[in-house]
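Contents: one structure, followed by commentary.
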Protein chains: 2
Amino acid sequence: MSLDEVDTPALLIDLDALEENIRRVANAVHGTSVRVRPHAKTHKCPEIARRQIDAGAVGLCCQKVSEAEAMVAGGVQDVIVTNEVVDPRKLGRLVSLARRARIGVCCDDPAAVDILEGAAAAGGVTLRVLVELEVGGNRCGVRPGADAVALAELIDAKPHLSFVGLQAYNGPAQHLKTIGERRASTAEAVENVKQTLEQLARAGLGCETVGGAGTGTFRLEASSGIFNELQVGSYVFMDADYARIGGEDEGPFSDFDHSLFVLTAVMSVAAQDWAVCDAGTKSVLLDRGMPIVVDRPDLAYVAGGGDEHGKLMLGAGAGPKLGDRLRLIPPHCDPTVNLHDWFVCYRGHTVEDVWPIAARGGMF
Amino acid sequence: MSLDEVDTPALLIDLDALEENIRRVANAVHGTSVRVRPHAKTHKCPEIARRQIDAGAVGLCCQKVSEAEAMVAGGVQDVIVTNEVVDPRKLGRLVSLARRARIGVCCDDPAAVDILEGAAAAGGVTLRVLVELEVGGNRCGVRPGADAVALAELIDAKPHLSFVGLQAYNGPAQHLKTIGERRASTAEAVENVKQTLEQLARAGLGCETVGGAGTGTFRLEASSGIFNELQVGSYVFMDADYARIGGEDEGPFSDFDHSLFVLTAVMSVAAQDWAVCDAGTKSVLLDRGMPIVVDRPDLAYVAGGGDEHGKLMLGAGAGPKLGDRLRLIPPHCDPTVNLHDWFVCYRGHTVEDVWPIAARGGMF
């Protein structure tokens, strides 16, 4: 089947670019003790997880129990839920997964330690628990230092919990515009983690795992000497927002190639100044700017379309014709993937496969 | 089953409020010649469509062929696709629907008339076609007046197309902050439609249907003497954005009750100033401001959470506890519904039903 036969709007993966991106992260840590544990929240797809593991990843991260269920069902044997789970029903599902795979989960609250212990004991399993540090994300996590050590000691004392390390993801740092800003923000997080590790060591607690990092900063965490697991997600797809940040050499960030596209078709050319395509906010999320239209410098995707309409302002050139097919680079991969039910995977101009987005729309 | 047992995040419908909203629109046109044709893009759910028809709606609007397929499969016998369809595969599906139901579609291009005629002829059906006017939406549609009349004449001359009227939806007017602004914008659209109708009449073309209007302006179109079909959508759910516009009496717009909620649970209270719940941008779309937290004046949902995290700033009061369950009023119903697979429908505190969001995630 040719790409020309794919109905629109559709979510496409360029397999050559995807595979190249997976190789590049594997190469970046080759010969070091730093492990790759890619984040499944980006793709929600066991087919991609398996390719990441084949390239050397030690397991996957998930953000929700339902994602972990989809990954384990798809053959992933080692999952960390990089998030707090405190609901008894959700913990029941997590404990059930822990009978079939190696499962870790995060904690940022003494009250949650008792809840986790209760669920693990009831299920007859040992849950692996990481203490989440607040290192710049300003959402979940305890303060580095004494609070984190006290929580780790509480966890360590429970018979059905095993303290395995620290979760220290600095989300906002990923998208800072210059490498200098990303370096400064990451250095601060690294210092906080380092001090916490020293205090943990004094308390007699070792850390098997120190996890964090994202696509924008992973080389910094990798060379920190402190982090040993990289939780990169967006790198497999490389969205338009990452393409707008700066790279090492003052040029654009170009560590990865774009592999994810929304295929759309032009449905109206009635206006003088704009055209309309069939990909609106129900097909591509616009919370981080506008998509890039591939190979069409005459067209700029702009705000003002709608849920089912994409608005394309016309620049110099012939302009689009009714039915023209365009590829859009999404501004933000993760929530765009979450809008679709499957990836249409192609190489060159030929559709090779269709992969279900198995964990799409799941509960927490 | 009690609401307390519903896993989070989940999309809830308060059935009493939904039914009341459906009654209110029916009452608003009672005894007039104005018809109600609610828009299915809001709910994507045949169960709701059937309740709207039971209350007097003449049929449904859809924005995509896949929505029309879901509605016809769910028993709806009369659908207008309020959008341009020019792709031969999509038109093949539409023609196939036209063998089983009354199907209308919009057109804004002479080239599209030939495409529509070709598809209808190949399928051996007559397609009902409306000329879409650009009356303020700034996306699809021809200019009112001569262009519209020329297009209507082209359609009328085709053996397998039937010109049935005008589609004139003024989207941006719906959300204008004051009733005065909405009145002025609607009056301009009404005047453009009126002049087009007069020119059509001089050309010997009648209009069975003049459709448009939304939740923010439907009373204006209803009393215009020009529009005879109201395409209201959001009124069934009433989102937080509509709650922020002004009503008739200088108070807030209160024509409808909120019936749609995202149920979420608190998963982290580790920070001093904020808490975190499990509904982020993968559960509630934030393109029109922030959700309202029901009955919790101590909590404000703010930006900065993330795809799977909702951030709640703490105000005066005790603050939330781990596991607290909250109802959020979505800022924008339509794309929030599109994130979920089913509605959990309740009355009082009891779950009565679960309705699949049948047309979620469909192609165009």
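Scheme for the structure tokens: letters A, B, ... for chains in order shown; per-chain residue numbers from 1; ligand numbers from 1 in order shown.
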
Considering only C-alpha atoms, tabulate each residue of chain B that lies at most 6 Å from chain A along with its nearest interatomic pair and the corresponding distance in Å to one decimal; arrange the rows by chain and ascending residue number and present them as a Markdown table.
```
| residue | atom | partner | partner_atom | distance |
| --- | --- | --- | --- | --- |
| B:Pro9 | CA | A:Met363 | CA | 5.8 |
| B:Cys140 | CA | A:Ser268 | CA | 5.9 |
| B:Val142 | CA | A:Ala270 | CA | 5.8 |
| B:Ser268 | CA | A:Cys140 | CA | 5.9 |
| B:Ala270 | CA | A:Val142 | CA | 5.9 |
| B:His340 | CA | A:Gly361 | CA | 5.9 |
| B:Gly361 | CA | A:His340 | CA | 5.9 |
| B:Met363 | CA | A:Pro9 | CA | 5.8 |
```

- request: Please give the complete set of residues from region 57-261 of chain B that DSSP, run on the backbone, assigns to strand (DSSP E or B), formatted as a PyMOL selection string.
  value: chain B and resi 60-62+78-84+102-107+127-133+142+161-167+209-212+229-230+246+252+260-261

Same residues, N, CA and C atoms, saved as a CSV table (one decimal), in the first residue's frame:
```csv
chain,number,residue,atom,x,y,z
B,60,LEU,N,-29.3,15.3,13.0
B,60,LEU,CA,-28.1,15.7,13.7
B,60,LEU,C,-27.2,16.4,12.6
B,61,CYS,N,-26.3,17.2,13.1
B,61,CYS,CA,-25.1,17.7,12.3
B,61,CYS,C,-23.9,16.8,12.6
B,62,CYS,N,-23.0,16.6,11.7
B,62,CYS,CA,-21.8,16.0,11.9
B,62,CYS,C,-20.7,16.9,11.3
B,78,ASP,N,-31.3,11.3,9.7
B,78,ASP,CA,-31.1,12.5,9.0
B,78,ASP,C,-29.9,13.3,9.5
B,79,VAL,N,-28.9,13.4,8.6
B,79,VAL,CA,-27.6,13.9,9.0
B,79,VAL,C,-27.1,15.0,8.0
B,80,ILE,N,-26.7,16.1,8.4
B,80,ILE,CA,-26.0,17.0,7.5
B,80,ILE,C,-24.5,17.1,8.0
B,81,VAL,N,-23.6,16.8,7.1
B,81,VAL,CA,-22.2,17.0,7.4
B,81,VAL,C,-21.9,18.5,7.1
B,82,THR,N,-21.7,19.3,8.1
B,82,THR,CA,-21.6,20.7,8.0
B,82,THR,C,-20.1,21.1,7.6
B,83,ASN,N,-19.7,20.5,6.6
B,83,ASN,CA,-18.3,20.6,6.2
B,83,ASN,C,-18.1,20.2,4.8
B,84,GLU,N,-16.9,20.5,4.2
B,84,GLU,CA,-16.6,20.2,2.9
B,84,GLU,C,-16.0,18.8,2.9
B,102,ARG,N,-31.0,10.1,5.2
B,102,ARG,CA,-31.0,11.3,4.5
B,102,ARG,C,-29.7,12.1,4.8
B,103,ILE,N,-28.9,12.3,3.8
B,103,ILE,CA,-27.6,12.9,4.0
B,103,ILE,C,-27.4,14.2,3.2
B,104,GLY,N,-26.9,15.2,4.0
B,104,GLY,CA,-26.5,16.4,3.4
B,104,GLY,C,-25.1,16.7,3.6
B,105,VAL,N,-24.5,17.5,2.7
B,105,VAL,CA,-23.1,17.8,2.8
B,105,VAL,C,-22.9,19.3,2.3
B,106,CYS,N,-21.8,19.9,2.7
B,106,CYS,CA,-21.6,21.3,2.3
B,106,CYS,C,-20.6,21.4,1.1
B,107,CYS,N,-20.6,22.5,0.5
B,107,CYS,CA,-19.7,22.8,-0.7
B,107,CYS,C,-19.4,24.2,-0.7
B,127,LEU,N,-27.3,13.3,-3.7
B,127,LEU,CA,-26.8,13.9,-2.4
B,127,LEU,C,-27.4,15.3,-2.2
B,128,ARG,N,-27.8,15.6,-1.0
B,128,ARG,CA,-28.4,16.9,-0.6
B,128,ARG,C,-27.2,17.8,-0.3
B,129,VAL,N,-27.1,19.0,-1.0
B,129,VAL,CA,-25.9,19.8,-0.9
B,129,VAL,C,-26.3,21.2,-0.4
B,130,LEU,N,-25.6,21.7,0.6
B,130,LEU,CA,-25.8,23.1,1.1
B,130,LEU,C,-24.5,23.9,0.7
B,131,VAL,N,-24.7,25.1,0.3
B,131,VAL,CA,-23.6,26.0,0.0
B,131,VAL,C,-23.2,26.6,1.3
B,132,GLU,N,-21.9,26.5,1.6
B,132,GLU,CA,-21.4,27.1,2.9
B,132,GLU,C,-21.0,28.5,2.6
B,133,LEU,N,-21.5,29.4,3.5
B,133,LEU,CA,-21.2,30.8,3.4
B,133,LEU,C,-20.1,31.1,4.5
B,142,VAL,N,-17.9,30.1,0.9
B,142,VAL,CA,-17.8,31.2,-0.2
B,142,VAL,C,-18.3,32.5,0.4
B,161,LEU,N,-27.3,15.8,-7.7
B,161,LEU,CA,-27.1,16.7,-6.5
B,161,LEU,C,-28.4,17.5,-6.4
B,162,SER,N,-28.8,17.8,-5.1
B,162,SER,CA,-30.0,18.6,-4.9
B,162,SER,C,-29.6,19.7,-4.0
B,163,PHE,N,-29.8,21.0,-4.5
B,163,PHE,CA,-29.4,22.1,-3.7
B,163,PHE,C,-30.5,22.3,-2.6
B,164,VAL,N,-30.1,22.2,-1.4
B,164,VAL,CA,-31.2,22.3,-0.3
B,164,VAL,C,-31.0,23.5,0.6
B,165,GLY,N,-29.9,24.3,0.4
B,165,GLY,CA,-29.9,25.5,1.3
B,165,GLY,C,-28.5,26.0,1.6
B,166,LEU,N,-28.5,26.8,2.7
B,166,LEU,CA,-27.2,27.5,3.1
B,166,LEU,C,-26.8,27.0,4.4
B,167,GLN,N,-25.5,26.9,4.5
B,167,GLN,CA,-24.8,26.6,5.8
B,167,GLN,C,-24.1,27.9,6.2
B,209,THR,N,-33.4,24.8,3.7
B,209,THR,CA,-32.6,24.8,5.0
B,209,THR,C,-31.7,26.0,5.0
B,210,VAL,N,-31.8,26.8,6.1
B,210,VAL,CA,-30.8,27.8,6.4
B,210,VAL,C,-30.3,27.5,7.8
B,211,GLY,N,-29.1,26.9,7.8
B,211,GLY,CA,-28.6,26.4,9.1
B,211,GLY,C,-27.4,27.2,9.6
B,212,GLY,N,-27.3,27.2,10.9
B,212,GLY,CA,-26.2,27.8,11.6
B,212,GLY,C,-26.5,27.9,13.1
B,229,GLU,N,-32.7,26.4,10.9
B,229,GLU,CA,-32.2,25.2,11.7
B,229,GLU,C,-31.1,25.7,12.6
B,230,LEU,N,-31.2,25.3,13.8
B,230,LEU,CA,-30.2,25.6,14.9
B,230,LEU,C,-29.2,24.4,15.1
B,246,GLY,N,-21.0,36.6,29.0
B,246,GLY,CA,-22.1,37.3,29.6
B,246,GLY,C,-23.4,36.9,29.1
B,252,PRO,N,-23.8,36.3,34.3
B,252,PRO,CA,-23.2,35.3,33.5
B,252,PRO,C,-24.2,34.6,32.6
B,260,LEU,N,-21.3,18.0,32.2
B,260,LEU,CA,-20.1,17.2,31.8
B,260,LEU,C,-19.0,17.5,32.8
B,261,PHE,N,-18.4,16.5,33.4
B,261,PHE,CA,-17.3,16.7,34.4
B,261,PHE,C,-16.2,15.7,34.1
```

Tyr235 (chain A): which residues within 9 Å, counting only C-alpha atoms, same-chain residues fewer than 2 positions away excluded, as a PDB file with C-alpha atoms, in the first residue's frame?
```
ATOM      1  CA  LEU A  18      12.431   6.190  14.140  1.00  0.00           C
ATOM      2  CA  ASN A  21      16.679   7.943  16.616  1.00  0.00           C
ATOM      3  CA  ILE A  22      16.603   4.771  18.720  1.00  0.00           C
ATOM      4  CA  VAL A  25      20.428   7.270  22.056  1.00  0.00           C
ATOM      5  CA  GLY A 214      14.555  13.950  28.879  1.00  0.00           C
ATOM      6  CA  THR A 215      15.246  14.527  25.226  1.00  0.00           C
ATOM      7  CA  GLY A 216      16.492  18.106  25.745  1.00  0.00           C
ATOM      8  CA  VAL A 232      14.060   9.952  27.332  1.00  0.00           C
ATOM      9  CA  GLY A 233      10.692   9.911  25.546  1.00  0.00           C
ATOM     10  CA  PHE A 237       9.619  11.142  17.322  1.00  0.00           C
ATOM     11  CA  MET A 238      11.333  14.555  17.722  1.00  0.00           C
ATOM     12  CA  ASP A 239       8.577  17.170  17.716  1.00  0.00           C
ATOM     13  CA  ASP A 255      20.209  15.368  17.777  1.00  0.00           C
ATOM     14  CA  PHE A 256      17.246  13.552  16.238  1.00  0.00           C
ATOM     15  CA  ASP A 257      15.203  13.385  13.044  1.00  0.00           C
ATOM     16  CA  HIS A 258      11.472  13.981  12.801  1.00  0.00           C
TER      17      HIS A 258
END
```

task: Quick one: everything within 7 Å of Val76 (chain A), counting only C-alpha atoms, minus sequence neighbours fewer than 3 positions away in the same chain. Send it as number ranges by chain.
output: A: 59, 71-72

message: Please list as a VMD selection string every residue within 12 Å of Gly74 (chain A), counting only C-alpha atoms and excluding residues in the same chain fewer than 4 positions away.
response: chain A and resid 40 44 to 51 60 67 to 70 78 to 79 101 355 to 359

field: Shortest interatomic distance to Tyr301 (chain A) - which of A:Asp156, A:Ala73, A:Gly317, A:Pro331, counting only C-alpha atoms
entry: A:Pro331

query: Interatomic distance between CA of Ile292 (chain A) and CA of Phe218 (chain A)?
result: 24.6 Å

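Minimum atom-to-atom distance to Tyr169 (chain B), evaluated using only C-alpha atoms, belongs to B:Ala213 out of B:Ala213, B:Val29, B:Val293, B:Ala303.
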
Looking only at the backbone, which of the residues in region 140-339 of chain A does DSSP tag as helix (DSSP H, G or I), as a compact mmCIF listing (two decimals) with N, CA and C atoms, in the first residue's frame?
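That gives us out.txt:
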```txt
# COMPACT_ATOMS: atom_id res chain seq x y z
N ALA A 146 16.92 16.01 53.57
CA ALA A 146 16.41 15.30 54.75
C ALA A 146 15.04 14.65 54.53
N ASP A 147 14.11 15.38 53.87
CA ASP A 147 12.77 14.81 53.65
C ASP A 147 12.85 13.53 52.83
N ALA A 148 13.71 13.56 51.81
CA ALA A 148 13.85 12.39 50.94
C ALA A 148 14.45 11.21 51.70
N VAL A 149 15.44 11.50 52.54
CA VAL A 149 16.09 10.43 53.31
C VAL A 149 15.09 9.81 54.29
N ALA A 150 14.32 10.67 54.97
CA ALA A 150 13.33 10.16 55.93
C ALA A 150 12.33 9.24 55.22
N LEU A 151 11.92 9.63 54.02
CA LEU A 151 10.95 8.83 53.27
C LEU A 151 11.58 7.50 52.84
N ALA A 152 12.84 7.56 52.40
CA ALA A 152 13.53 6.33 51.98
C ALA A 152 13.67 5.37 53.16
N GLU A 153 13.92 5.90 54.33
CA GLU A 153 14.05 5.04 55.52
C GLU A 153 12.72 4.37 55.86
N LEU A 154 11.64 5.15 55.75
CA LEU A 154 10.30 4.58 55.98
C LEU A 154 10.04 3.41 55.02
N ILE A 155 10.35 3.62 53.74
CA ILE A 155 10.13 2.60 52.71
C ILE A 155 10.99 1.37 53.01
N ASP A 156 12.25 1.63 53.34
CA ASP A 156 13.21 0.55 53.58
C ASP A 156 12.78 -0.34 54.75
N GLY A 171 11.39 18.35 34.30
CA GLY A 171 10.64 18.52 33.05
C GLY A 171 10.85 19.85 32.34
N PRO A 172 10.65 20.98 33.04
CA PRO A 172 10.74 22.27 32.35
C PRO A 172 12.11 22.52 31.72
N ALA A 173 13.16 21.90 32.27
CA ALA A 173 14.51 22.13 31.71
C ALA A 173 14.61 21.65 30.27
N GLN A 174 13.81 20.64 29.91
CA GLN A 174 13.94 20.03 28.58
C GLN A 174 13.74 21.04 27.44
N HIS A 175 12.86 22.00 27.67
CA HIS A 175 12.44 22.89 26.59
C HIS A 175 13.04 24.29 26.69
N ILE A 179 21.16 25.89 25.15
CA ILE A 179 21.87 24.82 25.85
C ILE A 179 22.46 25.35 27.15
N GLY A 180 22.80 26.64 27.20
CA GLY A 180 23.32 27.24 28.43
C GLY A 180 22.29 27.19 29.55
N GLU A 181 21.06 27.56 29.23
CA GLU A 181 20.00 27.51 30.25
C GLU A 181 19.75 26.07 30.70
N ARG A 182 19.76 25.15 29.73
CA ARG A 182 19.50 23.75 30.09
C ARG A 182 20.64 23.21 30.97
N ARG A 183 21.87 23.64 30.67
CA ARG A 183 23.01 23.21 31.47
C ARG A 183 22.89 23.71 32.91
N ALA A 184 22.54 24.99 33.06
CA ALA A 184 22.44 25.58 34.40
C ALA A 184 21.34 24.90 35.21
N SER A 185 20.19 24.68 34.57
CA SER A 185 19.07 24.06 35.28
C SER A 185 19.39 22.61 35.66
N THR A 186 20.03 21.89 34.73
CA THR A 186 20.38 20.49 35.01
C THR A 186 21.45 20.41 36.10
N ALA A 187 22.42 21.34 36.06
CA ALA A 187 23.49 21.32 37.07
C ALA A 187 22.90 21.47 38.47
N GLU A 188 21.89 22.33 38.57
CA GLU A 188 21.25 22.54 39.88
C GLU A 188 20.56 21.26 40.35
N ALA A 189 19.84 20.61 39.42
CA ALA A 189 19.17 19.35 39.78
C ALA A 189 20.19 18.29 40.16
N VAL A 190 21.27 18.20 39.39
CA VAL A 190 22.31 17.20 39.67
C VAL A 190 22.89 17.42 41.07
N GLU A 191 23.14 18.67 41.43
CA GLU A 191 23.70 18.99 42.74
C GLU A 191 22.74 18.56 43.86
N ASN A 192 21.44 18.83 43.67
CA ASN A 192 20.45 18.42 44.67
C ASN A 192 20.40 16.90 44.82
N VAL A 193 20.47 16.19 43.71
CA VAL A 193 20.45 14.72 43.75
C VAL A 193 21.71 14.22 44.44
N LYS A 194 22.84 14.83 44.12
CA LYS A 194 24.13 14.41 44.68
C LYS A 194 24.12 14.53 46.21
N GLN A 195 23.64 15.66 46.69
CA GLN A 195 23.60 15.85 48.14
C GLN A 195 22.67 14.84 48.81
N THR A 196 21.55 14.56 48.14
CA THR A 196 20.62 13.57 48.69
C THR A 196 21.26 12.19 48.72
N LEU A 197 22.00 11.85 47.67
CA LEU A 197 22.69 10.55 47.63
C LEU A 197 23.70 10.44 48.77
N GLU A 198 24.41 11.53 49.03
CA GLU A 198 25.39 11.51 50.12
C GLU A 198 24.71 11.30 51.47
N GLN A 199 23.58 11.96 51.66
CA GLN A 199 22.84 11.79 52.93
C GLN A 199 22.27 10.38 53.04
N LEU A 200 21.80 9.85 51.91
CA LEU A 200 21.29 8.47 51.93
C LEU A 200 22.41 7.50 52.29
N ALA A 201 23.60 7.74 51.73
CA ALA A 201 24.74 6.85 52.00
C ALA A 201 25.09 6.90 53.48
N ARG A 202 25.05 8.10 54.06
CA ARG A 202 25.34 8.22 55.49
C ARG A 202 24.30 7.46 56.34
N PHE A 218 19.40 14.94 28.02
CA PHE A 218 19.89 13.61 28.42
C PHE A 218 21.41 13.48 28.38
N ARG A 219 22.07 14.22 27.49
CA ARG A 219 23.54 14.12 27.45
C ARG A 219 24.16 14.70 28.72
N LEU A 220 23.47 15.69 29.30
CA LEU A 220 23.97 16.31 30.53
C LEU A 220 23.84 15.34 31.71
N GLU A 221 22.66 14.73 31.87
CA GLU A 221 22.51 13.74 32.94
C GLU A 221 23.45 12.55 32.69
N ALA A 222 23.60 12.16 31.42
CA ALA A 222 24.43 10.98 31.12
C ALA A 222 25.88 11.19 31.56
N SER A 234 10.52 11.76 24.01
CA SER A 234 10.20 12.40 22.72
C SER A 234 11.23 12.12 21.63
N TYR A 235 12.45 11.70 22.02
CA TYR A 235 13.52 11.51 21.03
C TYR A 235 13.11 10.57 19.90
N VAL A 236 12.25 9.59 20.20
CA VAL A 236 11.87 8.65 19.12
C VAL A 236 11.15 9.37 17.99
N ALA A 240 8.13 19.36 16.82
CA ALA A 240 8.47 20.70 16.31
C ALA A 240 8.96 21.61 17.41
N ASP A 241 8.46 21.41 18.64
CA ASP A 241 8.90 22.25 19.74
C ASP A 241 10.38 22.02 20.04
N TYR A 242 10.81 20.76 20.04
CA TYR A 242 12.24 20.49 20.24
C TYR A 242 13.07 21.04 19.08
N ALA A 243 12.49 21.07 17.90
CA ALA A 243 13.24 21.61 16.75
C ALA A 243 13.48 23.10 16.89
N CYS A 333 4.57 15.90 20.67
CA CYS A 333 4.27 14.50 20.30
C CYS A 333 3.29 13.82 21.23
N ASP A 334 3.61 13.82 22.54
CA ASP A 334 2.90 12.93 23.48
C ASP A 334 1.38 13.11 23.42
N PRO A 335 0.85 14.33 23.61
CA PRO A 335 -0.61 14.44 23.60
C PRO A 335 -1.21 14.31 22.20
N THR A 336 -0.40 14.50 21.16
CA THR A 336 -0.90 14.26 19.81
C THR A 336 -1.08 12.76 19.57
N VAL A 337 -0.10 11.97 19.99
CA VAL A 337 -0.22 10.51 19.88
C VAL A 337 -1.48 10.04 20.60
```
